[in-house]
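What follows is the content of target10.txt (compact mmCIF, C-alpha atoms).
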```txt
# COMPACT_ATOMS: atom_id res chain seq x y z
CA PRO A 67 -9.14 45.51 26.39
CA PRO A 68 -11.08 48.46 25.03
CA ALA A 69 -11.16 51.76 26.89
CA ASP A 70 -14.21 52.35 29.09
CA ALA A 71 -15.64 54.83 26.61
CA ASP A 72 -15.60 52.21 23.87
CA GLN A 73 -16.99 49.27 25.84
CA ALA A 74 -20.62 50.07 25.11
CA THR A 75 -20.10 49.91 21.35
CA THR A 76 -17.45 47.17 21.16
CA PRO A 77 -19.06 43.70 20.93
CA LEU A 78 -17.57 41.12 23.25
CA PRO A 79 -16.30 37.90 21.65
CA PRO A 80 -18.57 34.87 22.18
CA PHE A 81 -15.67 33.00 23.77
CA PRO A 82 -13.47 34.35 26.56
CA ILE A 83 -9.86 35.21 25.91
CA THR A 84 -7.98 32.22 27.30
CA ALA A 85 -4.23 32.24 26.73
CA ALA A 86 -3.85 28.59 27.75
CA VAL A 87 -6.31 27.53 25.04
CA ASN A 88 -4.76 29.80 22.41
CA ARG A 89 -1.34 28.30 23.00
CA LYS A 90 -2.60 24.87 22.01
CA ILE A 91 -3.69 25.62 18.42
CA VAL A 92 -1.70 26.61 15.34
CA LEU A 93 -3.05 27.27 11.85
CA THR A 94 -0.56 26.09 9.27
CA GLN A 95 -0.03 24.77 5.78
CA ALA A 96 1.86 21.54 5.14
CA PRO A 97 2.11 20.30 1.55
CA LYS A 98 3.38 16.94 2.92
CA PRO A 99 1.39 16.34 6.11
CA PHE A 100 2.64 12.75 6.32
CA LEU A 101 6.05 14.19 7.29
CA LEU A 102 4.68 15.91 10.41
CA GLU A 103 6.19 14.27 13.51
CA VAL A 104 3.04 14.22 15.63
CA ASP A 105 1.28 11.63 17.73
CA ALA A 106 -1.81 11.68 15.49
CA LEU A 107 -2.55 12.76 11.94
CA VAL A 108 -6.30 13.18 11.34
CA VAL A 109 -7.38 12.60 7.75
CA GLY A 110 -10.79 12.95 6.12
CA ASN A 111 -12.06 10.29 3.75
CA ASN A 112 -15.25 8.69 2.45
CA GLU A 113 -17.11 5.90 4.25
CA ALA A 114 -15.30 3.19 2.28
CA LEU A 115 -11.94 4.86 3.03
CA SER A 116 -11.22 4.61 -0.68
CA ASP A 117 -10.43 8.24 -1.51
CA ARG A 118 -6.91 8.60 -2.85
CA SER A 119 -7.03 12.17 -4.18
CA SER A 120 -5.12 15.33 -3.18
CA LEU A 121 -3.48 15.30 0.27
CA VAL A 122 -5.29 12.12 1.29
CA GLY A 123 -3.78 10.34 -1.69
CA ALA A 124 -0.35 11.68 -0.82
CA ILE A 125 -0.68 10.22 2.68
CA PHE A 126 -1.64 6.81 1.28
CA ASP A 127 1.21 6.98 -1.22
CA ALA A 128 3.61 7.75 1.62
CA GLY A 129 2.28 4.87 3.71
CA GLY A 130 2.59 2.31 0.98
CA GLU A 131 0.91 -1.08 0.69
CA SER A 132 1.17 -2.02 4.37
CA PHE A 133 -0.65 1.15 5.39
CA ALA A 134 -3.38 0.63 2.78
CA LEU A 135 -3.91 -2.94 3.98
CA GLU A 136 -4.33 -1.83 7.60
CA VAL A 137 -6.81 0.83 6.54
CA ASP A 138 -8.75 -1.68 4.41
CA ALA A 139 -8.99 -3.97 7.44
CA LEU A 140 -11.09 -1.33 9.21
CA GLY A 141 -13.93 -2.12 6.83
CA GLY A 142 -14.93 1.53 6.48
CA VAL A 143 -16.09 4.31 8.79
CA ARG A 144 -19.55 5.85 9.05
CA THR A 145 -20.13 9.55 8.45
CA GLY A 146 -19.56 11.49 11.65
CA GLU A 147 -17.28 8.83 13.12
CA ALA A 148 -13.53 8.19 13.31
CA ARG A 149 -11.25 5.16 13.60
CA MET A 150 -7.52 4.75 14.05
CA THR A 151 -4.64 2.89 12.42
CA SER A 152 -0.89 2.91 12.81
CA GLY A 153 1.10 5.59 11.06
CA PHE A 154 4.81 5.08 11.65
CA PRO A 155 6.52 2.79 10.62
CA HIS A 156 4.39 2.52 7.47
CA GLY A 157 6.49 3.95 4.64
CA ALA A 158 7.27 7.64 5.03
CA ILE A 159 4.47 8.48 7.49
CA ALA A 160 6.01 10.20 10.51
CA ALA A 161 2.89 10.34 12.72
CA ARG A 162 2.53 7.57 15.32
CA ARG A 163 -1.15 7.07 14.48
CA VAL A 164 -3.46 8.06 11.64
CA ILE A 165 -7.09 8.79 12.47
CA HIS A 166 -9.54 8.31 9.62
CA ALA A 167 -12.69 10.41 9.96
CA VAL A 168 -15.62 10.92 7.62
CA GLY A 169 -17.20 14.31 7.14
CA PRO A 170 -20.55 14.75 5.41
CA LYS A 171 -21.52 15.60 1.89
CA TYR A 172 -23.28 18.95 1.90
CA GLN A 173 -26.73 19.76 0.60
CA ALA A 174 -28.23 23.16 1.37
CA LYS A 175 -31.60 21.73 2.42
CA TYR A 176 -29.82 19.50 4.95
CA ALA A 177 -27.32 22.12 6.11
CA HIS A 178 -28.03 21.55 9.81
CA ALA A 179 -27.51 17.79 9.48
CA ALA A 180 -24.25 18.36 7.59
CA ALA A 181 -22.99 20.72 10.30
CA SER A 182 -23.91 18.19 12.99
CA ALA A 183 -22.06 15.40 11.16
CA LEU A 184 -18.96 17.57 10.66
CA HIS A 185 -19.01 18.47 14.34
CA ALA A 186 -19.37 14.79 15.27
CA ALA A 187 -16.47 13.68 13.06
CA SER A 188 -14.18 16.42 14.37
CA ARG A 189 -15.11 15.69 17.99
CA ALA A 190 -14.77 11.91 17.54
CA SER A 191 -11.25 12.41 16.17
CA MET A 192 -10.22 14.50 19.16
CA GLN A 193 -11.83 12.06 21.59
CA LEU A 194 -9.79 9.22 20.07
CA CYS A 195 -6.65 11.28 20.62
CA ARG A 196 -7.58 11.88 24.23
CA ALA A 197 -8.50 8.24 24.86
CA HIS A 198 -5.17 6.99 23.49
CA GLY A 199 -2.88 9.65 24.96
CA LEU A 200 -2.07 11.24 21.61
CA ARG A 201 -1.00 14.68 22.73
CA THR A 202 0.22 16.31 19.53
CA VAL A 203 -2.27 16.32 16.68
CA ALA A 204 -2.28 17.47 13.06
CA LEU A 205 -5.83 17.75 11.75
CA LEU A 206 -6.75 18.17 8.12
CA PRO A 207 -10.25 19.72 8.04
CA LEU A 208 -12.81 16.97 7.52
CA HIS A 209 -14.66 18.87 4.83
CA ASP A 210 -13.68 19.21 1.22
CA THR A 211 -15.37 21.84 -0.89
CA SER A 212 -14.47 20.24 -4.21
CA ARG A 213 -15.55 16.67 -3.30
CA LYS A 214 -18.25 17.18 -0.68
CA ALA A 215 -19.49 20.68 -1.59
CA PHE A 216 -19.34 21.92 2.01
CA PRO A 217 -19.05 25.74 1.95
CA THR A 218 -15.64 26.60 3.36
CA THR A 219 -16.76 29.41 5.65
CA GLU A 220 -19.62 27.41 7.16
CA ALA A 221 -17.35 24.42 7.69
CA ALA A 222 -14.66 26.54 9.33
CA HIS A 223 -17.21 27.85 11.85
CA VAL A 224 -18.17 24.29 12.78
CA VAL A 225 -14.60 22.98 13.07
CA LEU A 226 -13.26 25.94 15.04
CA ARG A 227 -16.21 25.89 17.43
CA THR A 228 -15.79 22.14 17.97
CA LEU A 229 -12.07 22.45 18.66
CA ARG A 230 -12.57 25.36 21.03
CA ARG A 231 -15.18 23.47 23.04
CA PHE A 232 -12.99 20.35 23.17
CA LEU A 233 -9.94 22.26 24.36
CA GLU A 234 -11.99 24.07 27.00
CA LYS A 235 -13.08 20.74 28.48
CA HIS A 236 -9.87 18.75 27.94
CA LEU A 237 -7.10 21.32 27.98
CA ASP A 238 -4.58 19.04 29.66
CA ALA A 239 -5.14 16.22 27.13
CA ILE A 240 -3.55 18.04 24.19
CA ASP A 241 -0.12 19.69 24.03
CA GLY A 242 -0.43 21.01 20.48
CA LEU A 243 -3.03 20.99 17.72
CA LEU A 244 -1.94 21.84 14.19
CA LEU A 245 -4.88 22.70 11.97
CA VAL A 246 -3.51 21.94 8.50
CA LEU A 247 -5.13 24.14 5.83
CA PRO A 248 -4.87 22.57 2.36
CA THR A 249 -6.20 25.38 0.13
CA ASP A 250 -6.02 29.16 -0.13
CA ALA A 251 -9.77 29.28 0.58
CA ASP A 252 -9.22 27.32 3.80
CA VAL A 253 -6.41 29.68 4.82
CA GLU A 254 -8.57 32.73 4.24
CA ALA A 255 -11.63 31.32 6.03
CA TYR A 256 -9.84 29.92 9.07
CA HIS A 257 -7.59 32.93 9.61
CA SER A 258 -10.60 35.22 9.30
CA LEU A 259 -12.76 33.25 11.75
CA ALA A 260 -10.18 32.06 14.27
CA PRO A 261 -10.34 35.30 16.33
CA ILE A 262 -14.02 34.58 17.04
CA TYR A 263 -13.28 31.22 18.65
CA PHE A 264 -9.74 31.88 19.85
CA PRO A 265 -9.79 35.62 20.64
CA ARG A 266 -6.57 37.22 21.77
```

Representation of the structure as structure tokens:
Amino acid sequence: PPADADQATTPLPPFPITAAVNRKIVLTQAPKPFLLEVDALVVGNNEALSDRSSLVGAIFDAGGESFALEVDALGGVRTGEARMTSGFPHGAIAARRVIHAVGPKYQAKYAHAAASALHAASRASMQLCRAHGLRTVALLPLHDTSRKAFPTTEAAHVVLRTLRRFLEKHLDAIDGLLLVLPTDADVEAYHSLAPIYFPR
């Protein structure tokens, strides 16, 4: 903590320093997220669940035809919502379950609606984990700057705030949360903003 003389000029973080919350979350990179041995792997997609590009495509490739068929049987997911399929033993997917969530496309004039939808998708994913006893979670951010044009810094604020609020309310539901950062821009944004939401 700052010395008494500095307290008047040192802004307090908007969230309290909570070691128990901080221990739950890890920012990481994983070029092959399908190999993570977690209870749940959270993946962003479009409403038809038809995206097969970048890391999402790698997960579908790892799962093979049986995984794709189970995902197709969901019939899609609405923006801001999340649904679950099996992970293991489909192909090379190590996670027990895969959660498919849909983040929004971003337009500046609807920025508030986009933030609300991203919050909803992130929260819905975590609520599914809690409801099904999935205690270790790897979450790929449910925004994609290249495909959905969501500004990385704005999205990181939304996701980190959502995760912080969830962990505050349901600390005992989650043992570990890996926030998987796919790009250098994600790494920079999340590492820069994490101290606001998870101050140490």

Problem set entry | Near-Pro207 (chain A) list (8 Å; only C-alpha atoms; drop same-chain fewer than 6 positions) as an MDAnalysis selection string | chainID A and resid 109:110 225 245:247

Problem set entry | Nearest residue to Ser152 (chain A) from the set A:Ala106, A:Ala183, A:Ala177, A:Ala197 (distances using all atoms listed in the file) |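 Closest to Ser152 (chain A) of all the choices is A:Ala106.
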
Exercise. What residues have an atom no more than 12 Å from (-10.0, 4.4, 12.6) in the file's own frame, counting all atoms listed in the file, and can you write them as a PyMOL selection string?
Worked result: chain A and resi 106-111+113-115+136-144+146-153+163-168+187+190-191+193-195

Problem set entry | Within 10 Å of file point (-12.9, 21.4, 17.9), counting all atoms listed in the file, expressed as a list of chain:residue names | A:His185, A:Ala186, A:Ala187, A:Ser188, A:Arg189, A:Ala190, A:Ser191, A:Met192, A:His223, A:Val224, A:Val225, A:Leu226, A:Arg227, A:Thr228, A:Leu229, A:Arg230, A:Arg231, A:Phe232, A:Leu233, A:Glu234, A:Leu243, A:Tyr263

For this session: Take CA of Pro248 (chain A) and CA of Thr84 (chain A) and report the distance between them in Å, one decimal.
Result: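 CA of Thr84 (chain A) lies at a distance of 26.9 Å from CA of Pro248 (chain A).
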
Seminar exercise, completed: Among A:Ser119, A:Thr94, A:Ser258, A:Asn112, Ala222 (chain A) is approached most closely, using only C-alpha atoms, by A:Ser258
